[in-house]
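Next comes protein_11.txt, a file with compact mmCIF, C-alpha atoms.
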```txt
# COMPACT_ATOMS: atom_id res chain seq x y z
CA MET L 1 -10.69 10.94 32.32
CA ALA L 2 -14.07 11.74 30.78
CA GLU L 3 -17.10 9.62 31.59
CA ARG L 4 -17.17 8.65 27.91
CA PRO L 5 -14.04 8.89 25.69
CA GLY L 6 -14.13 10.57 22.32
CA VAL L 7 -14.04 8.85 18.95
CA LEU L 8 -11.08 8.54 16.62
CA TYR L 9 -12.34 8.88 13.04
CA VAL L 10 -10.13 7.60 10.21
CA VAL L 11 -11.17 9.89 7.37
CA ALA L 12 -10.41 9.36 3.69
CA THR L 13 -9.79 12.53 1.67
CA PRO L 14 -9.57 13.04 -2.12
CA ILE L 15 -6.55 11.78 -4.06
CA GLY L 16 -6.96 14.63 -6.52
CA ASN L 17 -10.44 15.82 -7.42
CA LEU L 18 -11.85 17.65 -4.40
CA ASP L 19 -15.40 16.75 -5.44
CA ASP L 20 -14.63 13.18 -4.34
CA ILE L 21 -14.84 14.06 -0.66
CA SER L 22 -17.96 12.65 0.96
CA PRO L 23 -20.63 14.68 2.79
CA ARG L 24 -19.99 12.52 5.88
CA ALA L 25 -16.26 13.29 5.76
CA LEU L 26 -17.01 17.03 5.64
CA LYS L 27 -19.43 16.67 8.56
CA VAL L 28 -16.92 14.76 10.69
CA LEU L 29 -14.08 17.15 9.88
CA SER L 30 -16.30 20.05 10.88
CA GLU L 31 -17.52 18.54 14.15
CA VAL L 32 -14.44 16.91 15.71
CA ASP L 33 -12.32 18.77 18.24
CA ARG L 34 -9.15 18.50 16.17
CA VAL L 35 -7.77 17.00 12.95
CA ALA L 36 -4.53 14.98 13.07
CA ALA L 37 -2.88 15.53 9.69
CA GLU L 38 0.21 14.14 7.98
CA ASP L 39 0.99 17.65 6.67
CA THR L 40 -0.92 20.45 8.35
CA ARG L 41 -0.26 22.87 5.49
CA HIS L 42 -1.64 20.48 2.89
CA SER L 43 -4.66 19.50 4.98
CA GLY L 44 -5.13 23.11 6.02
CA ASN L 45 -5.65 24.03 2.36
CA LEU L 46 -8.25 21.26 2.06
CA LEU L 47 -10.14 22.42 5.16
CA ASN L 48 -9.98 26.06 4.06
CA HIS L 49 -11.40 25.12 0.66
CA PHE L 50 -14.50 23.79 2.39
CA GLY L 51 -14.66 26.54 5.02
CA ILE L 52 -13.76 24.21 7.91
CA LYS L 53 -12.04 25.85 10.90
CA THR L 54 -11.22 22.78 13.03
CA PRO L 55 -7.76 23.03 14.68
CA LEU L 56 -5.00 20.91 13.12
CA ILE L 57 -2.22 18.92 14.79
CA SER L 58 0.58 17.24 12.87
CA LEU L 59 1.02 13.47 12.95
CA HIS L 60 3.65 12.07 10.60
CA GLU L 61 6.22 9.29 10.52
CA TYR L 62 8.75 11.27 12.56
CA ASN L 63 6.50 12.29 15.47
CA GLU L 64 3.77 9.64 15.48
CA ALA L 65 4.84 7.85 18.66
CA GLU L 66 4.90 11.10 20.65
CA ARG L 67 1.73 12.54 19.11
CA ALA L 68 -0.17 9.26 19.47
CA ALA L 69 0.30 9.37 23.25
CA LEU L 70 -0.88 13.00 23.33
CA LEU L 71 -3.94 12.27 21.20
CA ILE L 72 -4.88 9.23 23.29
CA ASP L 73 -4.94 11.55 26.33
CA LYS L 74 -7.19 13.95 24.42
CA LEU L 75 -9.51 11.14 23.34
CA GLN L 76 -9.72 9.75 26.86
CA ALA L 77 -10.60 13.25 28.07
CA GLY L 78 -13.64 13.18 25.79
CA GLU L 79 -12.36 14.91 22.66
CA SER L 80 -12.97 13.44 19.22
CA VAL L 81 -10.22 13.40 16.61
CA ALA L 82 -10.20 12.95 12.82
CA LEU L 83 -7.11 11.33 11.34
CA VAL L 84 -6.29 12.30 7.74
CA SER L 85 -3.34 11.78 5.42
CA ASP L 86 -2.19 14.01 2.57
CA ALA L 87 -4.48 12.16 0.15
CA GLY L 88 -6.64 9.07 0.14
CA THR L 89 -7.18 6.67 3.02
CA PRO L 90 -4.93 7.00 6.10
CA LEU L 91 -2.62 4.09 7.04
CA ILE L 92 -2.40 2.84 3.43
CA SER L 93 1.34 3.54 3.05
CA ASP L 94 0.72 6.57 5.27
CA PRO L 95 1.08 7.31 9.01
CA GLY L 96 -1.55 6.44 11.59
CA PHE L 97 -1.01 2.80 12.53
CA ASP L 98 0.49 3.56 15.94
CA LEU L 99 -2.37 5.91 16.79
CA VAL L 100 -5.11 3.49 15.70
CA ARG L 101 -3.52 0.57 17.54
CA ALA L 102 -3.04 2.63 20.71
CA ALA L 103 -6.64 3.84 20.56
CA ARG L 104 -8.03 0.34 20.19
CA ARG L 105 -5.87 -0.94 23.03
CA ALA L 106 -7.13 1.91 25.20
CA GLY L 107 -10.74 0.95 24.50
CA ILE L 108 -11.41 4.03 22.37
CA ARG L 109 -13.85 3.69 19.51
CA VAL L 110 -12.20 3.91 16.10
CA SER L 111 -14.62 4.65 13.25
CA PRO L 112 -13.85 4.60 9.51
CA VAL L 113 -15.10 7.33 7.18
CA PRO L 114 -14.47 5.63 3.81
CA GLY L 115 -13.58 7.34 0.58
CA ALA L 116 -10.85 7.61 -2.01
CA CYS L 117 -7.94 5.16 -2.07
CA ALA L 118 -5.40 5.25 -4.88
CA LEU L 119 -4.73 1.50 -4.95
CA VAL L 120 -8.45 0.64 -5.29
CA ALA L 121 -9.04 3.39 -7.83
CA ALA L 122 -6.15 2.14 -9.97
CA LEU L 123 -7.08 -1.52 -9.63
CA CYS L 124 -10.67 -1.09 -10.75
CA VAL L 125 -9.72 0.68 -14.00
CA SER L 126 -6.58 -1.33 -14.81
CA GLY L 127 -8.20 -4.15 -16.74
CA LEU L 128 -6.23 -6.65 -14.64
CA PRO L 129 -7.95 -9.27 -12.45
CA THR L 130 -9.47 -7.72 -9.34
CA ASP L 131 -10.90 -10.77 -7.58
CA ARG L 132 -7.58 -11.35 -5.80
CA PHE L 133 -4.67 -8.95 -5.54
CA VAL L 134 -1.60 -8.20 -3.42
CA PHE L 135 -0.78 -4.66 -2.29
CA GLU L 136 2.96 -4.22 -1.72
CA GLY L 137 3.07 -0.49 -1.01
CA PHE L 138 6.43 1.06 -1.90
CA LEU L 139 9.25 -1.23 -3.01
CA PRO L 140 12.74 -0.64 -1.56
CA ALA L 141 14.50 2.41 -2.99
CA LYS L 142 17.72 0.58 -3.91
CA SER L 143 17.78 -1.79 -6.86
CA ALA L 144 19.37 -4.80 -5.12
CA ALA L 145 16.79 -4.82 -2.32
CA ARG L 146 14.01 -4.06 -4.79
CA ARG L 147 14.95 -7.03 -6.98
CA GLU L 148 15.13 -9.30 -3.95
CA ARG L 149 11.59 -8.34 -3.00
CA LEU L 150 10.38 -8.81 -6.57
CA GLU L 151 11.96 -12.27 -6.72
CA ALA L 152 9.85 -13.26 -3.72
CA LEU L 153 6.77 -12.18 -5.70
CA ALA L 154 7.73 -13.69 -9.06
CA ALA L 155 5.44 -16.72 -8.75
CA GLU L 156 2.56 -14.84 -7.12
CA PRO L 157 -0.59 -15.56 -9.18
CA ARG L 158 -2.56 -12.55 -7.91
CA THR L 159 -2.43 -9.07 -9.43
CA LEU L 160 0.42 -7.08 -7.88
CA VAL L 161 -0.16 -3.45 -6.86
CA PHE L 162 2.65 -1.05 -5.95
CA TYR L 163 3.02 2.61 -5.09
CA GLU L 164 6.14 4.21 -6.54
CA SER L 165 7.87 7.57 -6.61
CA VAL L 166 7.94 9.01 -10.12
CA HIS L 167 11.66 9.61 -9.65
CA ARG L 168 12.23 5.84 -9.40
CA LEU L 169 9.52 4.74 -11.82
CA ALA L 170 11.75 3.89 -14.80
CA GLU L 171 14.27 2.03 -12.63
CA SER L 172 11.54 0.07 -10.84
CA LEU L 173 9.85 -0.91 -14.08
CA ALA L 174 13.20 -2.06 -15.48
CA ASP L 175 13.76 -4.21 -12.38
CA MET L 176 10.24 -5.61 -12.70
CA ALA L 177 10.90 -6.53 -16.33
CA ALA L 178 14.17 -8.23 -15.39
CA VAL L 179 12.77 -10.19 -12.46
CA LEU L 180 9.11 -10.79 -13.28
CA GLY L 181 9.53 -11.19 -17.03
CA ALA L 182 9.91 -8.72 -19.88
CA GLU L 183 6.58 -9.70 -21.43
CA ARG L 184 4.57 -9.63 -18.19
CA VAL L 185 1.76 -7.10 -18.60
CA GLY L 186 1.86 -4.02 -16.43
CA VAL L 187 -0.23 -0.88 -16.02
CA VAL L 188 0.94 2.51 -14.81
CA ALA L 189 -1.92 4.63 -13.46
CA ARG L 190 -0.95 8.32 -13.29
CA GLU L 191 -2.60 11.32 -11.68
CA LEU L 192 -5.89 9.51 -11.01
CA THR L 193 -8.93 11.85 -10.76
CA LYS L 194 -6.73 14.81 -11.81
CA LEU L 195 -6.55 16.83 -15.03
CA HIS L 196 -3.74 14.76 -16.57
CA GLU L 197 -5.09 11.34 -15.54
CA GLY L 198 -3.69 8.53 -17.64
CA LEU L 199 -3.38 4.74 -17.87
CA HIS L 200 -0.47 3.14 -19.70
CA GLU L 201 -0.67 -0.62 -20.33
CA ALA L 202 2.11 -2.60 -21.99
CA ALA L 203 4.66 -5.33 -21.44
CA LEU L 204 6.95 -4.40 -18.54
CA THR L 205 9.94 -3.87 -20.81
CA GLU L 206 7.92 -1.44 -22.94
CA LEU L 207 6.66 0.40 -19.87
CA ALA L 208 10.23 0.76 -18.61
CA ALA L 209 11.29 2.29 -21.95
CA TRP L 210 8.29 4.63 -21.94
CA ALA L 211 8.99 5.79 -18.38
CA ALA L 212 12.65 6.45 -19.24
CA SER L 213 11.88 8.47 -22.38
CA ASP L 214 8.62 10.33 -21.69
CA ALA L 215 9.04 13.42 -19.50
CA ALA L 216 5.38 13.26 -18.47
CA ALA L 217 5.98 9.88 -16.83
CA ALA L 218 8.23 11.54 -14.26
CA LYS L 219 5.50 13.84 -12.97
CA GLY L 220 2.65 13.35 -10.53
CA GLU L 221 1.46 10.37 -8.48
CA VAL L 222 1.60 6.82 -9.83
CA VAL L 223 0.33 3.36 -9.03
CA VAL L 224 1.96 0.40 -10.78
CA LEU L 225 -0.02 -2.80 -11.34
CA VAL L 226 1.39 -6.05 -12.71
CA ALA L 227 -0.43 -9.14 -13.90
CA GLY L 228 -0.01 -12.20 -11.70
CA ALA L 229 2.21 -15.08 -12.73
CA ALA L 230 0.59 -17.19 -15.42
CA GLY L 231 -0.03 -20.87 -14.82
CA SER L 232 0.02 -20.65 -11.03
CA PRO L 233 -3.27 -21.64 -9.44
CA ALA L 234 -4.59 -19.22 -6.83
CA GLY L 235 -3.23 -20.07 -3.45
CA SER L 236 -0.27 -22.07 -4.79
CA VAL L 237 2.32 -19.82 -3.16
CA ALA L 238 0.71 -20.12 0.25
CA GLU L 239 0.27 -23.86 -0.28
CA ALA L 240 3.93 -24.23 -1.29
CA GLU L 241 4.98 -22.46 1.91
CA ARG L 242 2.87 -24.87 3.95
CA VAL L 243 4.22 -27.93 2.12
CA LEU L 244 7.80 -26.71 2.38
CA LYS L 245 7.56 -26.13 6.14
CA THR L 246 6.09 -29.58 6.63
CA LEU L 247 8.75 -31.35 4.56
CA LEU L 248 11.59 -29.46 6.23
CA LYS L 249 10.67 -31.13 9.49
CA GLU L 250 11.75 -34.49 8.03
CA LEU L 251 13.95 -33.81 4.99
CA PRO L 252 17.15 -31.93 4.09
CA VAL L 253 16.71 -28.49 2.49
CA LYS L 254 17.52 -29.55 -1.09
CA GLN L 255 15.25 -32.57 -1.01
CA ALA L 256 12.39 -30.64 0.62
CA ALA L 257 12.61 -27.92 -2.04
CA ALA L 258 12.71 -30.41 -4.91
CA LEU L 259 9.72 -32.34 -3.61
CA THR L 260 7.74 -29.14 -2.97
CA ALA L 261 8.45 -28.03 -6.56
CA GLU L 262 7.17 -31.36 -7.85
CA ILE L 263 4.00 -31.10 -5.73
CA THR L 264 3.15 -27.44 -6.44
CA GLY L 265 4.65 -26.79 -9.87
CA LEU L 266 6.61 -23.78 -8.63
CA LYS L 267 10.26 -23.15 -9.47
CA LYS L 268 12.73 -25.28 -7.55
CA ASN L 269 15.37 -22.53 -7.27
CA GLN L 270 12.93 -20.12 -5.66
CA LEU L 271 11.73 -22.81 -3.26
CA TYR L 272 15.32 -23.75 -2.41
CA ASP L 273 16.09 -20.13 -1.48
CA ARG L 274 12.98 -20.00 0.67
CA ALA L 275 13.85 -23.33 2.28
CA LEU L 276 17.28 -21.97 3.26
CA GLU L 277 15.58 -18.98 4.90
CA LEU L 278 13.17 -21.20 6.81
CA ALA L 279 16.01 -23.43 7.91
CA GLY L 280 18.01 -20.42 9.10
CA LYS L 281 20.83 -21.06 6.64
CA LYS L 282 20.52 -17.83 4.66
```
What would the structure in this file look like if it were written as structure tokens?
Amino acid sequence: MAERPGVLYVVATPIGNLDDISPRALKVLSEVDRVAAEDTRHSGNLLNHFGIKTPLISLHEYNEAERAALLIDKLQAGESVALVSDAGTPLISDPGFDLVRAARRAGIRVSPVPGACALVAALCVSGLPTDRFVFEGFLPAKSAARRERLEALAAEPRTLVFYESVHRLAESLADMAAVLGAERVGVVARELTKLHEGLHEAALTELAAWAASDAAAAKGEVVVLVAGAAGSPAGSVAEAERVLKTLLKELPVKQAAALTAEITGLKKNQLYDRALELAGKK
């Protein structure tokens, strides 16, 4: 083991426009001993564009456990490593968590090199509230599981942010309209920082129809944002959870759910379902 271990840098890369890469990111990528990349071909093109010759090693969802152990050995031997994903900030719905956690547990310094992040870029131009938001990453691929997850978010007062595959966009928007409300406002941010960048704002039912009929909607990278539930004070969902857990210690499920609904103003049916889960009856 080296007298001093190397540093693991978590480096954000552009989500589209290559001019968005920071001078510090270029410096780090040039100076580290190796770059751990989600897709070495994709990241190789990025490095070649900027004339960077640092060796690449793949680290993706299928080999992360194995590669993390190898990279920890390299870091402990004194090498420094830059972790990158295909685009944007690593670990945000991308690989890297196992490596970062293992590095921190091994006492290795982990240093962020901030930059582009699709969810933040979309949020700040969406026109929806940004003071509080919930990032849900990718929803389940199948409709039944997707709707179940959306039902758990139906009363959430904060702005909802999702990543979604363009191939499932129309179906997901239709499920959002059905579960969250047809008139709930949504925004689809497409191809941010790229040539065909676009923002589409409308009621969820209108967005679903647009996504199903417009061929352009099925191309590129998208972020979906949805306005929070109206009439729910910030923190009410978390407060309802706390109240429900407290009441379940003394009351039957149905009574605890009804009383929590009366206290918080949230829907009794949703609270009843949650109470069944907490009580281990669902």
Residues at most 9 Å from L:Asp86, counting only C-alpha atoms, excluding those fewer than 5 positions away in the same chain, as number ranges by chain?
L: 13-15, 37-40, 42-43, 94
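For the pair atom CA of L:Ala203 and atom CA of L:Ala182, the interatomic distance is 6.4 Å.
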Have a look at L:Tyr9, L:Leu139, L:Phe50, L:Ala121 and name the one nearest to L:Glu79; count all atoms listed in the file.
L:Tyr9
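Among the candidates L:Ala230, L:Ala217, L:Val223, L:Ala122, the one nearest to L:Gly137 when counting all atoms listed in the file is L:Val223.
For the atom pair formed by atom CA of L:Leu128 and atom CA of L:Glu148, the distance is 24.0 Å, given to one decimal.
Using all atoms listed in the file, the shortest contact distance between L:Val100 and any of L:Pro112, L:Gly127, L:Gly78, L:Pro5 is found at L:Pro112.
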